[in-house]
Amino acid sequence: MKLYLKSYVILREWWRSLKYFALLLGTLLALTIPNSISPPAIAQQPFEEIRGVWMTNNDTSTLIDRDKMQAAVSQLARLHFNTIYPVVWNSGYAQYDSNIARQAGIQTFVRKGLQGQDPLADLAATAHRQGLLVVPWFEFGFMTPPTSELALQHPNWLTQKRDGSKTSIDVAGEVVWLNPFHPEVQQFITALVREVMTKYDVDGIQFDDHMSLPREFGYDKYTVALYKKETKHSPAHPGDTAWMRWRADKITAFMTQLNQTVKQSKPKAIFAVAPNYYDFAYKFHLQDWLTWVRKGIVDELIVQVYRPELQSFLQQLARPEIQEVQQKIPTGIGILTGLRNDPVPMQRIQAQVRATRDRGLGVAFFFYQSLWDYAPEPSEQRQSYFQALFRSPASRIASARAAVVEEPIFQP
């Protein structure tokens, strides 16, 4: 086994050296070959290319039906995908067998697959055998439905608006928001993350645009008192610069702690974030993800760019923060492949994928079922189109799976 690993490392380094030599040779040739010759269609990738897909439990039984899951993974591997983001946290419930959720009094049942299996463990084992990474996805972040056991059992964990109201309207409907600044909320989220990382053979963890707080929130008693104590001022209107910065910095500090929790479990694990574009994320959701990247706490970034018009899509790809980040870490663009009641034509997907890859960026699709099922074209035709987009493999090195499994302790 040691000899195999040594040979693999030597071969990998030789291949990387060959790629760098090819890049240098290409640059020299570009200086001598006439301008009439077209450049390569795909820009040079500074990192391993992300070819991912989110798997949600809202519209599909793929994650809990072993036969469907195995067929899905085989299909993704055959079409040269390399990363799966399975949901593990949404609607106030853990989508895996969680002792932490049971200890918090929000989940009395044991979540199992249709065949009695542990769905996340089964998915990870199946995907790894076929060379795909598995990065569990904390979809809802601090957001939860007001009727969830989490909201009902822990009302003191919720934050509120200036007028005292606690709900907002999101794509998920009416929701409430956990207080990101409350120590018990931070302890709970940290315990869930630690549990996933230590209990399962996974390659990292991903948070998205809901690991944030709409700027209208934060006027609960706990947060107001903390702000007064630290700044000697009362919170102003939601868009006040100092008030926004203080809250965003607090979320950044918590994300730094979460990164440390993940790395303590698995030093090589991928700490991934999938936010909205930066101006929106910070100004309206206090999610300062560009600072997170600059601080070195993000290992992978996927920016959600769900745009029907190609010109609007291209404008997002040209944003300076994306160009900055892609020089530092693996960076991708989230592309919408359709919803159950809103299918997306393959022509749009093809144009967006090509534009993304032309700029040296990876892709992640929302979501698995709409790749070829909720679609205007026949399933077989859609799969052939994806096969044409990804003609050759783009493997990612899975070096995060080496942690000792241990049961985390959470005491609310």
# chains A, B, ... in the order shown; residues from 1 in each chain; ligands from 1
call {"tool": "residues_around", "arguments": {"residues": "A:Pro308", "least_positions_apart": "3", "cutoff": "12 Å", "atoms": "only C-alpha atoms", "output": "mmCIF file with all heavy atoms, in the first residue's frame"}}
result
data_model
loop_
_atom_site.group_PDB
_atom_site.id
_atom_site.type_symbol
_atom_site.label_atom_id
_atom_site.label_comp_id
_atom_site.auth_asym_id
_atom_site.auth_seq_id
_atom_site.Cartn_x
_atom_site.Cartn_y
_atom_site.Cartn_z
ATOM 1 N N VAL A 305 -25.320 32.032 -9.477
ATOM 2 C CA VAL A 305 -25.680 32.989 -10.531
ATOM 3 C C VAL A 305 -26.847 32.403 -11.308
ATOM 4 O O VAL A 305 -26.681 31.842 -12.389
ATOM 5 C CB VAL A 305 -24.481 33.288 -11.458
ATOM 6 C CG1 VAL A 305 -24.852 34.384 -12.458
ATOM 7 C CG2 VAL A 305 -23.261 33.726 -10.648
ATOM 8 N N GLN A 311 -26.594 37.740 -20.946
ATOM 9 C CA GLN A 311 -25.839 38.963 -20.712
ATOM 10 C C GLN A 311 -25.725 39.266 -19.216
ATOM 11 O O GLN A 311 -24.665 39.641 -18.725
ATOM 12 C CB GLN A 311 -26.500 40.144 -21.434
ATOM 13 C CG GLN A 311 -25.698 41.439 -21.394
ATOM 14 C CD GLN A 311 -24.316 41.289 -21.993
ATOM 15 O OE1 GLN A 311 -24.134 40.597 -23.000
ATOM 16 N NE2 GLN A 311 -23.322 41.909 -21.374
ATOM 17 N N SER A 312 -26.825 39.101 -18.495
ATOM 18 C CA SER A 312 -26.801 39.301 -17.047
ATOM 19 C C SER A 312 -25.893 38.279 -16.376
ATOM 20 O O SER A 312 -25.158 38.593 -15.434
ATOM 21 C CB SER A 312 -28.223 39.191 -16.487
ATOM 22 O OG SER A 312 -28.216 39.266 -15.076
ATOM 23 N N PHE A 313 -25.930 37.055 -16.869
ATOM 24 C CA PHE A 313 -25.069 35.991 -16.349
ATOM 25 C C PHE A 313 -23.604 36.362 -16.543
ATOM 26 O O PHE A 313 -22.786 36.251 -15.617
ATOM 27 C CB PHE A 313 -25.405 34.685 -17.069
ATOM 28 C CG PHE A 313 -24.633 33.491 -16.599
ATOM 29 C CD1 PHE A 313 -25.074 32.742 -15.519
ATOM 30 C CD2 PHE A 313 -23.462 33.101 -17.239
ATOM 31 C CE1 PHE A 313 -24.367 31.632 -15.085
ATOM 32 C CE2 PHE A 313 -22.745 31.994 -16.821
ATOM 33 C CZ PHE A 313 -23.205 31.258 -15.735
ATOM 34 N N LEU A 314 -23.253 36.835 -17.737
ATOM 35 C CA LEU A 314 -21.859 37.188 -18.044
ATOM 36 C C LEU A 314 -21.386 38.358 -17.195
ATOM 37 O O LEU A 314 -20.216 38.419 -16.790
ATOM 38 C CB LEU A 314 -21.726 37.530 -19.525
ATOM 39 C CG LEU A 314 -21.974 36.381 -20.510
ATOM 40 C CD1 LEU A 314 -21.897 36.890 -21.946
ATOM 41 C CD2 LEU A 314 -20.978 35.253 -20.288
ATOM 42 N N ILE A 335 -25.181 27.139 -11.295
ATOM 43 C CA ILE A 335 -26.051 27.288 -12.464
ATOM 44 C C ILE A 335 -27.358 26.546 -12.214
ATOM 45 O O ILE A 335 -27.351 25.386 -11.801
ATOM 46 C CB ILE A 335 -25.353 26.750 -13.727
ATOM 47 C CG1 ILE A 335 -24.132 27.626 -14.064
ATOM 48 C CG2 ILE A 335 -26.322 26.688 -14.904
ATOM 49 C CD1 ILE A 335 -23.318 27.119 -15.240
ATOM 50 N N LEU A 336 -28.463 27.223 -12.467
ATOM 51 C CA LEU A 336 -29.779 26.608 -12.284
ATOM 52 C C LEU A 336 -30.125 25.745 -13.485
ATOM 53 O O LEU A 336 -30.165 26.219 -14.617
ATOM 54 C CB LEU A 336 -30.838 27.704 -12.103
ATOM 55 C CG LEU A 336 -32.271 27.223 -11.874
ATOM 56 C CD1 LEU A 336 -32.392 26.496 -10.543
ATOM 57 C CD2 LEU A 336 -33.242 28.417 -11.923
ATOM 58 N N THR A 337 -30.366 24.454 -13.234
ATOM 59 C CA THR A 337 -30.752 23.547 -14.317
ATOM 60 C C THR A 337 -32.256 23.321 -14.362
ATOM 61 O O THR A 337 -32.739 22.571 -15.215
ATOM 62 C CB THR A 337 -30.030 22.197 -14.169
ATOM 63 O OG1 THR A 337 -30.143 21.729 -12.817
ATOM 64 C CG2 THR A 337 -28.566 22.336 -14.533
ATOM 65 N N GLY A 338 -32.973 23.961 -13.432
ATOM 66 C CA GLY A 338 -34.426 23.864 -13.482
ATOM 67 C C GLY A 338 -35.043 23.572 -12.131
ATOM 68 O O GLY A 338 -34.378 23.101 -11.203
ATOM 69 N N ASP A 342 -40.540 24.851 -13.178
ATOM 70 C CA ASP A 342 -39.864 25.856 -13.994
ATOM 71 C C ASP A 342 -38.644 25.237 -14.668
ATOM 72 O O ASP A 342 -37.507 25.502 -14.297
ATOM 73 C CB ASP A 342 -39.451 27.046 -13.131
ATOM 74 C CG ASP A 342 -38.897 28.197 -13.967
ATOM 75 O OD1 ASP A 342 -39.118 28.195 -15.190
ATOM 76 O OD2 ASP A 342 -38.231 29.082 -13.392
ATOM 77 N N PRO A 343 -38.843 24.397 -15.673
ATOM 78 C CA PRO A 343 -37.719 23.729 -16.340
ATOM 79 C C PRO A 343 -36.861 24.727 -17.112
ATOM 80 O O PRO A 343 -37.353 25.751 -17.588
ATOM 81 C CB PRO A 343 -38.411 22.735 -17.281
ATOM 82 C CG PRO A 343 -39.761 23.328 -17.526
ATOM 83 C CD PRO A 343 -40.152 24.023 -16.257
ATOM 84 N N VAL A 344 -35.586 24.410 -17.226
ATOM 85 C CA VAL A 344 -34.638 25.261 -17.940
ATOM 86 C C VAL A 344 -34.173 24.539 -19.200
ATOM 87 O O VAL A 344 -33.725 23.395 -19.127
ATOM 88 C CB VAL A 344 -33.426 25.604 -17.050
ATOM 89 C CG1 VAL A 344 -32.359 26.345 -17.850
ATOM 90 C CG2 VAL A 344 -33.871 26.445 -15.850
ATOM 91 N N PRO A 345 -34.261 25.179 -20.356
ATOM 92 C CA PRO A 345 -33.840 24.523 -21.597
ATOM 93 C C PRO A 345 -32.336 24.280 -21.621
ATOM 94 O O PRO A 345 -31.551 25.061 -21.094
ATOM 95 C CB PRO A 345 -34.258 25.506 -22.690
ATOM 96 C CG PRO A 345 -34.354 26.827 -22.000
ATOM 97 C CD PRO A 345 -34.797 26.526 -20.597
ATOM 98 N N MET A 346 -31.945 23.206 -22.260
ATOM 99 C CA MET A 346 -30.545 22.822 -22.305
ATOM 100 C C MET A 346 -29.690 23.853 -23.029
ATOM 101 O O MET A 346 -28.518 24.030 -22.708
ATOM 102 C CB MET A 346 -30.403 21.452 -22.979
ATOM 103 C CG MET A 346 -29.031 20.834 -22.811
ATOM 104 S SD MET A 346 -28.688 20.440 -21.071
ATOM 105 C CE MET A 346 -26.898 20.438 -21.063
ATOM 106 N N GLN A 347 -30.262 24.546 -23.970
ATOM 107 C CA GLN A 347 -29.505 25.558 -24.707
ATOM 108 C C GLN A 347 -28.960 26.626 -23.766
ATOM 109 O O GLN A 347 -27.818 27.072 -23.899
ATOM 110 C CB GLN A 347 -30.395 26.197 -25.773
ATOM 111 C CG GLN A 347 -29.665 27.203 -26.660
ATOM 112 C CD GLN A 347 -30.574 27.783 -27.739
ATOM 113 O OE1 GLN A 347 -31.794 27.577 -27.727
ATOM 114 N NE2 GLN A 347 -29.986 28.504 -28.667
ATOM 115 N N ARG A 348 -29.785 27.049 -22.802
ATOM 116 C CA ARG A 348 -29.323 28.050 -21.825
ATOM 117 C C ARG A 348 -28.220 27.483 -20.947
ATOM 118 O O ARG A 348 -27.218 28.144 -20.683
ATOM 119 C CB ARG A 348 -30.492 28.521 -20.956
ATOM 120 C CG ARG A 348 -30.088 29.617 -19.953
ATOM 121 C CD ARG A 348 -31.050 29.719 -18.785
ATOM 122 N NE ARG A 348 -32.409 29.981 -19.215
ATOM 123 C CZ ARG A 348 -33.449 30.038 -18.379
ATOM 124 N NH1 ARG A 348 -33.269 29.807 -17.081
ATOM 125 N NH2 ARG A 348 -34.658 30.281 -18.841
ATOM 126 N N ILE A 349 -28.398 26.239 -20.498
ATOM 127 C CA ILE A 349 -27.396 25.604 -19.640
ATOM 128 C C ILE A 349 -26.067 25.484 -20.373
ATOM 129 O O ILE A 349 -25.008 25.798 -19.825
ATOM 130 C CB ILE A 349 -27.890 24.224 -19.166
ATOM 131 C CG1 ILE A 349 -29.172 24.370 -18.336
ATOM 132 C CG2 ILE A 349 -26.802 23.500 -18.375
ATOM 133 C CD1 ILE A 349 -29.871 23.058 -18.062
ATOM 134 N N ALA A 351 -24.884 27.288 -22.851
ATOM 135 C CA ALA A 351 -24.252 28.596 -23.031
ATOM 136 C C ALA A 351 -23.612 29.071 -21.735
ATOM 137 O O ALA A 351 -22.497 29.617 -21.741
ATOM 138 C CB ALA A 351 -25.283 29.601 -23.521
ATOM 139 N N GLN A 352 -24.287 28.850 -20.598
ATOM 140 C CA GLN A 352 -23.750 29.305 -19.320
ATOM 141 C C GLN A 352 -22.543 28.481 -18.888
ATOM 142 O O GLN A 352 -21.560 29.024 -18.372
ATOM 143 C CB GLN A 352 -24.849 29.268 -18.254
ATOM 144 C CG GLN A 352 -25.956 30.278 -18.518
ATOM 145 C CD GLN A 352 -26.992 30.332 -17.414
ATOM 146 O OE1 GLN A 352 -27.006 29.499 -16.498
ATOM 147 N NE2 GLN A 352 -27.881 31.299 -17.486
#
call {"tool": "residues_around", "arguments": {"residues": "A:Lys112", "least_positions_apart": "3", "cutoff": "12 Å", "atoms": "only C-alpha atoms", "output": "ChimeraX atom specification"}}
result
/A:63-66,94-98,109,115-122
call {"tool": "residues_around", "arguments": {"residues": "A:Thr159", "least_positions_apart": "2", "cutoff": "12 Å", "atoms": "only C-alpha atoms", "output": "compact mmCIF listing (two decimals) with all heavy atoms, in the first residue's frame"}}
result
# COMPACT_ATOMS: atom_id res chain seq x y z
N PHE A 142 -28.83 29.55 9.18
CA PHE A 142 -29.52 30.10 10.35
C PHE A 142 -31.02 30.23 10.14
O PHE A 142 -31.73 30.70 11.03
CB PHE A 142 -28.96 31.49 10.70
CG PHE A 142 -27.53 31.48 11.16
CD1 PHE A 142 -26.55 32.11 10.41
CD2 PHE A 142 -27.16 30.85 12.33
CE1 PHE A 142 -25.22 32.11 10.84
CE2 PHE A 142 -25.85 30.83 12.76
CZ PHE A 142 -24.87 31.47 12.01
N MET A 143 -31.51 29.81 9.01
CA MET A 143 -32.92 29.97 8.66
C MET A 143 -33.71 28.72 9.02
O MET A 143 -33.21 27.61 8.90
CB MET A 143 -33.02 30.24 7.15
CG MET A 143 -34.38 30.58 6.63
SD MET A 143 -34.33 30.96 4.85
CE MET A 143 -34.12 29.31 4.16
N THR A 144 -34.97 28.90 9.44
CA THR A 144 -35.81 27.76 9.76
C THR A 144 -37.28 28.18 9.65
O THR A 144 -37.61 29.35 9.86
CB THR A 144 -35.52 27.23 11.18
OG1 THR A 144 -36.25 26.02 11.41
CG2 THR A 144 -35.90 28.24 12.25
N PRO A 146 -41.04 28.82 10.85
CA PRO A 146 -41.54 29.18 12.18
C PRO A 146 -42.26 28.03 12.87
O PRO A 146 -42.40 28.03 14.10
CB PRO A 146 -42.49 30.35 11.91
CG PRO A 146 -42.87 30.22 10.47
CD PRO A 146 -41.68 29.63 9.79
N ALA A 151 -37.69 26.07 16.08
CA ALA A 151 -38.22 27.39 16.43
C ALA A 151 -39.15 27.32 17.64
O ALA A 151 -39.14 28.22 18.50
CB ALA A 151 -38.95 27.98 15.23
N HIS A 154 -37.05 26.37 20.96
CA HIS A 154 -36.03 27.33 21.38
C HIS A 154 -36.35 28.74 20.90
O HIS A 154 -35.60 29.32 20.10
CB HIS A 154 -34.65 26.89 20.85
CG HIS A 154 -34.21 25.55 21.35
ND1 HIS A 154 -33.67 25.37 22.61
CD2 HIS A 154 -34.26 24.32 20.76
CE1 HIS A 154 -33.38 24.08 22.78
NE2 HIS A 154 -33.73 23.43 21.67
N PRO A 155 -37.44 29.33 21.37
CA PRO A 155 -37.80 30.67 20.93
C PRO A 155 -36.76 31.73 21.29
O PRO A 155 -36.65 32.75 20.61
CB PRO A 155 -39.14 30.93 21.63
CG PRO A 155 -39.13 30.01 22.82
CD PRO A 155 -38.40 28.79 22.37
N ASN A 156 -36.00 31.49 22.35
CA ASN A 156 -34.96 32.45 22.75
C ASN A 156 -33.78 32.45 21.79
O ASN A 156 -32.91 33.32 21.86
CB ASN A 156 -34.47 32.15 24.16
CG ASN A 156 -33.84 30.78 24.28
OD1 ASN A 156 -34.42 29.78 23.83
ND2 ASN A 156 -32.66 30.70 24.89
N TRP A 157 -33.73 31.48 20.88
CA TRP A 157 -32.65 31.44 19.88
C TRP A 157 -32.96 32.29 18.66
O TRP A 157 -32.10 32.48 17.81
CB TRP A 157 -32.44 29.99 19.41
CG TRP A 157 -31.77 29.12 20.42
CD1 TRP A 157 -31.45 29.43 21.71
CD2 TRP A 157 -31.33 27.77 20.22
NE1 TRP A 157 -30.85 28.37 22.34
CE2 TRP A 157 -30.75 27.33 21.44
CE3 TRP A 157 -31.37 26.89 19.14
CZ2 TRP A 157 -30.21 26.05 21.60
CZ3 TRP A 157 -30.84 25.62 19.29
CH2 TRP A 157 -30.26 25.20 20.51
N LYS A 161 -36.88 41.71 13.97
CA LYS A 161 -36.72 42.98 13.30
C LYS A 161 -36.89 44.13 14.30
O LYS A 161 -37.23 43.92 15.47
CB LYS A 161 -37.74 43.11 12.16
CG LYS A 161 -37.60 42.08 11.06
CD LYS A 161 -38.67 42.30 10.00
CE LYS A 161 -38.60 41.26 8.90
NZ LYS A 161 -39.67 41.43 7.88
N ARG A 162 -36.70 45.34 13.80
CA ARG A 162 -36.80 46.54 14.66
C ARG A 162 -38.20 46.71 15.23
O ARG A 162 -38.37 47.21 16.35
CB ARG A 162 -36.40 47.76 13.84
CG ARG A 162 -35.96 48.97 14.65
CD ARG A 162 -35.47 50.08 13.73
NE ARG A 162 -34.87 51.17 14.45
CZ ARG A 162 -34.38 52.26 13.89
NH1 ARG A 162 -34.43 52.39 12.56
NH2 ARG A 162 -33.84 53.23 14.62
N ASP A 163 -39.23 46.28 14.46
CA ASP A 163 -40.61 46.43 14.93
C ASP A 163 -41.07 45.26 15.79
O ASP A 163 -42.23 45.20 16.19
CB ASP A 163 -41.55 46.60 13.74
CG ASP A 163 -41.57 45.38 12.80
OD1 ASP A 163 -40.90 44.38 13.11
OD2 ASP A 163 -42.24 45.44 11.75
N GLY A 164 -40.15 44.32 16.06
CA GLY A 164 -40.47 43.19 16.92
C GLY A 164 -40.93 41.95 16.19
O GLY A 164 -41.04 40.87 16.79
N SER A 165 -41.23 42.05 14.90
CA SER A 165 -41.66 40.88 14.13
C SER A 165 -40.48 39.94 13.88
O SER A 165 -39.32 40.37 13.87
CB SER A 165 -42.28 41.31 12.81
OG SER A 165 -41.34 42.04 12.02
N LYS A 166 -40.76 38.68 13.67
CA LYS A 166 -39.70 37.67 13.60
C LYS A 166 -39.65 36.91 12.28
O LYS A 166 -38.75 36.09 12.09
CB LYS A 166 -39.87 36.67 14.75
CG LYS A 166 -39.66 37.28 16.12
CD LYS A 166 -39.73 36.23 17.22
CE LYS A 166 -39.45 36.87 18.58
NZ LYS A 166 -39.49 35.86 19.68
N THR A 167 -40.58 37.14 11.38
CA THR A 167 -40.59 36.36 10.15
C THR A 167 -40.21 37.20 8.94
O THR A 167 -40.32 38.43 8.95
CB THR A 167 -41.98 35.75 9.90
OG1 THR A 167 -42.93 36.79 9.70
CG2 THR A 167 -42.40 34.88 11.07
N SER A 168 -39.75 36.50 7.92
CA SER A 168 -39.49 37.12 6.62
C SER A 168 -39.89 36.12 5.55
O SER A 168 -40.12 34.94 5.84
CB SER A 168 -38.02 37.51 6.48
OG SER A 168 -37.20 36.35 6.45
N VAL A 175 -40.21 32.27 6.97
CA VAL A 175 -39.15 31.72 7.80
C VAL A 175 -38.84 32.65 8.96
O VAL A 175 -39.20 33.83 8.95
CB VAL A 175 -37.85 31.49 6.98
CG1 VAL A 175 -38.06 30.46 5.89
CG2 VAL A 175 -37.33 32.80 6.40
N VAL A 176 -38.18 32.08 9.96
CA VAL A 176 -37.59 32.87 11.04
C VAL A 176 -36.08 32.62 11.01
O VAL A 176 -35.60 31.73 10.31
CB VAL A 176 -38.18 32.48 12.42
CG1 VAL A 176 -39.64 32.87 12.50
CG2 VAL A 176 -38.02 30.97 12.68
N TRP A 177 -35.35 33.41 11.79
CA TRP A 177 -33.89 33.34 11.74
C TRP A 177 -33.30 33.12 13.12
O TRP A 177 -33.62 33.83 14.08
CB TRP A 177 -33.32 34.63 11.14
CG TRP A 177 -33.64 34.77 9.68
CD1 TRP A 177 -34.81 35.25 9.14
CD2 TRP A 177 -32.83 34.34 8.59
NE1 TRP A 177 -34.76 35.17 7.78
CE2 TRP A 177 -33.56 34.63 7.40
CE3 TRP A 177 -31.55 33.78 8.49
CZ2 TRP A 177 -33.04 34.35 6.14
CZ3 TRP A 177 -31.05 33.51 7.22
CH2 TRP A 177 -31.79 33.80 6.07
N LEU A 178 -32.46 32.09 13.22
CA LEU A 178 -31.68 31.89 14.43
C LEU A 178 -30.74 33.07 14.61
O LEU A 178 -30.23 33.62 13.63
CB LEU A 178 -30.88 30.60 14.35
CG LEU A 178 -31.66 29.29 14.18
CD1 LEU A 178 -30.69 28.12 14.02
CD2 LEU A 178 -32.58 29.05 15.36
N ASN A 179 -30.48 33.43 15.84
CA ASN A 179 -29.61 34.56 16.13
C ASN A 179 -28.14 34.14 16.00
O ASN A 179 -27.64 33.40 16.85
CB ASN A 179 -29.89 35.06 17.55
CG ASN A 179 -29.11 36.31 17.88
OD1 ASN A 179 -28.27 36.76 17.11
ND2 ASN A 179 -29.38 36.89 19.04
N PRO A 180 -27.42 34.58 14.98
CA PRO A 180 -26.04 34.15 14.78
C PRO A 180 -25.10 34.59 15.89
O PRO A 180 -23.98 34.07 16.01
CB PRO A 180 -25.63 34.82 13.46
CG PRO A 180 -26.90 35.25 12.82
CD PRO A 180 -27.85 35.52 13.94
N PHE A 181 -25.54 35.57 16.71
CA PHE A 181 -24.68 36.14 17.74
C PHE A 181 -24.90 35.50 19.11
O PHE A 181 -24.14 35.76 20.04
CB PHE A 181 -24.93 37.66 17.83
CG PHE A 181 -25.14 38.28 16.48
CD1 PHE A 181 -26.37 38.83 16.13
CD2 PHE A 181 -24.12 38.29 15.54
CE1 PHE A 181 -26.57 39.38 14.87
CE2 PHE A 181 -24.31 38.84 14.29
CZ PHE A 181 -25.53 39.39 13.95
N HIS A 182 -25.93 34.66 19.23
CA HIS A 182 -26.26 34.02 20.50
C HIS A 182 -25.34 32.82 20.72
O HIS A 182 -25.21 31.96 19.84
CB HIS A 182 -27.72 33.58 20.51
CG HIS A 182 -28.27 33.31 21.87
ND1 HIS A 182 -27.84 32.26 22.66
CD2 HIS A 182 -29.22 33.97 22.59
CE1 HIS A 182 -28.50 32.27 23.80
NE2 HIS A 182 -29.34 33.30 23.79
N VAL A 185 -26.87 29.32 20.05
CA VAL A 185 -27.05 29.03 18.63
C VAL A 185 -25.72 28.63 18.01
O VAL A 185 -25.63 27.64 17.26
CB VAL A 185 -27.63 30.26 17.89
CG1 VAL A 185 -27.62 30.04 16.38
CG2 VAL A 185 -29.05 30.54 18.37
N LEU A 213 -27.56 36.65 7.73
CA LEU A 213 -28.71 37.23 8.42
C LEU A 213 -29.22 38.43 7.62
O LEU A 213 -28.44 39.35 7.34
CB LEU A 213 -28.33 37.70 9.83
CG LEU A 213 -29.49 38.22 10.69
CD1 LEU A 213 -30.43 37.08 11.08
CD2 LEU A 213 -28.97 38.93 11.93
N PRO A 214 -30.49 38.43 7.22
CA PRO A 214 -31.02 39.63 6.56
C PRO A 214 -30.79 40.85 7.45
O PRO A 214 -30.98 40.79 8.67
CB PRO A 214 -32.51 39.32 6.41
CG PRO A 214 -32.57 37.83 6.39
CD PRO A 214 -31.50 37.37 7.33
N ARG A 215 -30.39 41.94 6.84
CA ARG A 215 -29.95 43.08 7.65
C ARG A 215 -31.08 43.70 8.47
O ARG A 215 -30.83 44.47 9.40
CB ARG A 215 -29.33 44.15 6.75
CG ARG A 215 -30.31 44.87 5.82
CD ARG A 215 -29.58 45.91 5.00
NE ARG A 215 -30.51 46.72 4.22
CZ ARG A 215 -30.13 47.74 3.44
NH1 ARG A 215 -28.84 48.03 3.32
NH2 ARG A 215 -31.02 48.44 2.77
N GLU A 216 -32.34 43.34 8.17
CA GLU A 216 -33.46 43.85 8.97
C GLU A 216 -33.51 43.22 10.36
O GLU A 216 -34.21 43.73 11.24
CB GLU A 216 -34.79 43.57 8.26
CG GLU A 216 -35.01 44.35 6.98
CD GLU A 216 -34.25 43.79 5.80
OE1 GLU A 216 -33.82 42.62 5.88
OE2 GLU A 216 -34.09 44.51 4.79
N PHE A 217 -32.74 42.13 10.56
CA PHE A 217 -32.79 41.41 11.83
C PHE A 217 -31.60 41.76 12.72
O PHE A 217 -30.60 42.31 12.27
CB PHE A 217 -32.83 39.91 11.58
CG PHE A 217 -34.14 39.42 11.01
CD1 PHE A 217 -34.38 39.48 9.65
CD2 PHE A 217 -35.12 38.91 11.85
CE1 PHE A 217 -35.58 39.04 9.11
CE2 PHE A 217 -36.32 38.46 11.32
CZ PHE A 217 -36.56 38.52 9.95
N GLY A 218 -31.73 41.39 14.00
CA GLY A 218 -30.67 41.65 14.97
C GLY A 218 -31.12 42.56 16.10
O GLY A 218 -30.30 42.98 16.93
N TYR A 219 -32.42 42.84 16.17
CA TYR A 219 -32.93 43.77 17.17
C TYR A 219 -33.52 43.04 18.40
O TYR A 219 -34.29 43.63 19.15
CB TYR A 219 -33.99 44.68 16.55
CG TYR A 219 -33.42 45.64 15.52
CD1 TYR A 219 -33.34 45.29 14.18
CD2 TYR A 219 -32.94 46.89 15.90
CE1 TYR A 219 -32.80 46.16 13.24
CE2 TYR A 219 -32.40 47.77 14.97
CZ TYR A 219 -32.33 47.39 13.64
OH TYR A 219 -31.80 48.27 12.71
N ASP A 220 -33.14 41.80 18.60
CA ASP A 220 -33.54 41.08 19.81
C ASP A 220 -32.80 41.64 21.02
O ASP A 220 -31.77 42.33 20.89
CB ASP A 220 -33.24 39.59 19.65
CG ASP A 220 -31.78 39.35 19.32
OD1 ASP A 220 -31.42 39.43 18.12
OD2 ASP A 220 -30.99 39.12 20.26
N LYS A 221 -33.28 41.33 22.20
CA LYS A 221 -32.71 41.91 23.42
C LYS A 221 -31.24 41.54 23.60
O LYS A 221 -30.42 42.38 24.00
CB LYS A 221 -33.52 41.45 24.63
CG LYS A 221 -34.93 42.03 24.70
CD LYS A 221 -35.66 41.56 25.96
CE LYS A 221 -37.06 42.16 26.03
NZ LYS A 221 -37.80 41.69 27.25
N TYR A 222 -30.90 40.28 23.34
CA TYR A 222 -29.52 39.84 23.55
C TYR A 222 -28.56 40.62 22.67
O TYR A 222 -27.54 41.14 23.13
CB TYR A 222 -29.38 38.34 23.27
CG TYR A 222 -27.95 37.87 23.40
CD1 TYR A 222 -27.44 37.47 24.64
CD2 TYR A 222 -27.10 37.85 22.30
CE1 TYR A 222 -26.12 37.09 24.78
CE2 TYR A 222 -25.78 37.45 22.43
CZ TYR A 222 -25.29 37.07 23.66
OH TYR A 222 -23.97 36.70 23.79
N THR A 223 -28.88 40.73 21.37
CA THR A 223 -27.97 41.38 20.43
C THR A 223 -27.89 42.88 20.67
O THR A 223 -26.80 43.47 20.61
CB THR A 223 -28.42 41.11 18.98
OG1 THR A 223 -28.51 39.69 18.78
CG2 THR A 223 -27.44 41.69 17.98
N VAL A 224 -29.02 43.51 20.98
CA VAL A 224 -29.02 44.95 21.26
C VAL A 224 -28.15 45.25 22.48
O VAL A 224 -27.34 46.19 22.47
CB VAL A 224 -30.45 45.46 21.48
CG1 VAL A 224 -30.44 46.87 22.03
CG2 VAL A 224 -31.24 45.40 20.18
call {"tool": "select_by_dssp", "arguments": {"residues": "stretch 229-347 of chain A", "states": "helix (DSSP H, G or I)", "output": "ChimeraX atom specification"}}
result
/A:229-231,241-265,278-285,289-294,310-317,320-325,346-347
call {"tool": "closest_residue", "arguments": {"among": "A:Leu290, A:Ala272, A:Ala225, A:Ile333", "to": "A:Gln316", "atoms": "only C-alpha atoms"}}
result
A:Ile333
call {"tool": "closest_atom_pairs", "arguments": {"of": "stretch 70-133 of chain A", "to": "stretch 364-384 of chain A", "cutoff": "10 Å", "atoms": "only C-alpha atoms", "output": "CSV"}}
result
residue,atom,partner,partner_atom,distance
A:Ala72,CA,A:Tyr368,CA,8.7
A:Gln75,CA,A:Gln383,CA,9.0
A:Leu76,CA,A:Tyr368,CA,9.5
A:Leu79,CA,A:Gln383,CA,7.7
A:Phe81,CA,A:Ala364,CA,9.4
A:Thr83,CA,A:Ala364,CA,8.4
A:Ile84,CA,A:Ala364,CA,9.0
A:Tyr85,CA,A:Ala364,CA,9.1
A:Pro86,CA,A:Tyr368,CA,9.8
call {"tool": "closest_residue", "arguments": {"among": "A:Asp299, A:Asp59, A:Glu324, A:Asp67", "to": "A:Phe271", "atoms": "only C-alpha atoms"}}
result
A:Asp299
call {"tool": "residues_around", "arguments": {"residues": "A:Asn276", "least_positions_apart": "3", "cutoff": "7 Å", "atoms": "only C-alpha atoms", "output": "PyMOL selection string"}}
result
chain A and resi 209+280-281+303-304
call {"tool": "closest_residue", "arguments": {"among": "A:Arg102, A:Arg294, A:Arg51, A:Lys228", "to": "A:Thr331", "atoms": "only C-alpha atoms"}}
result
A:Arg51
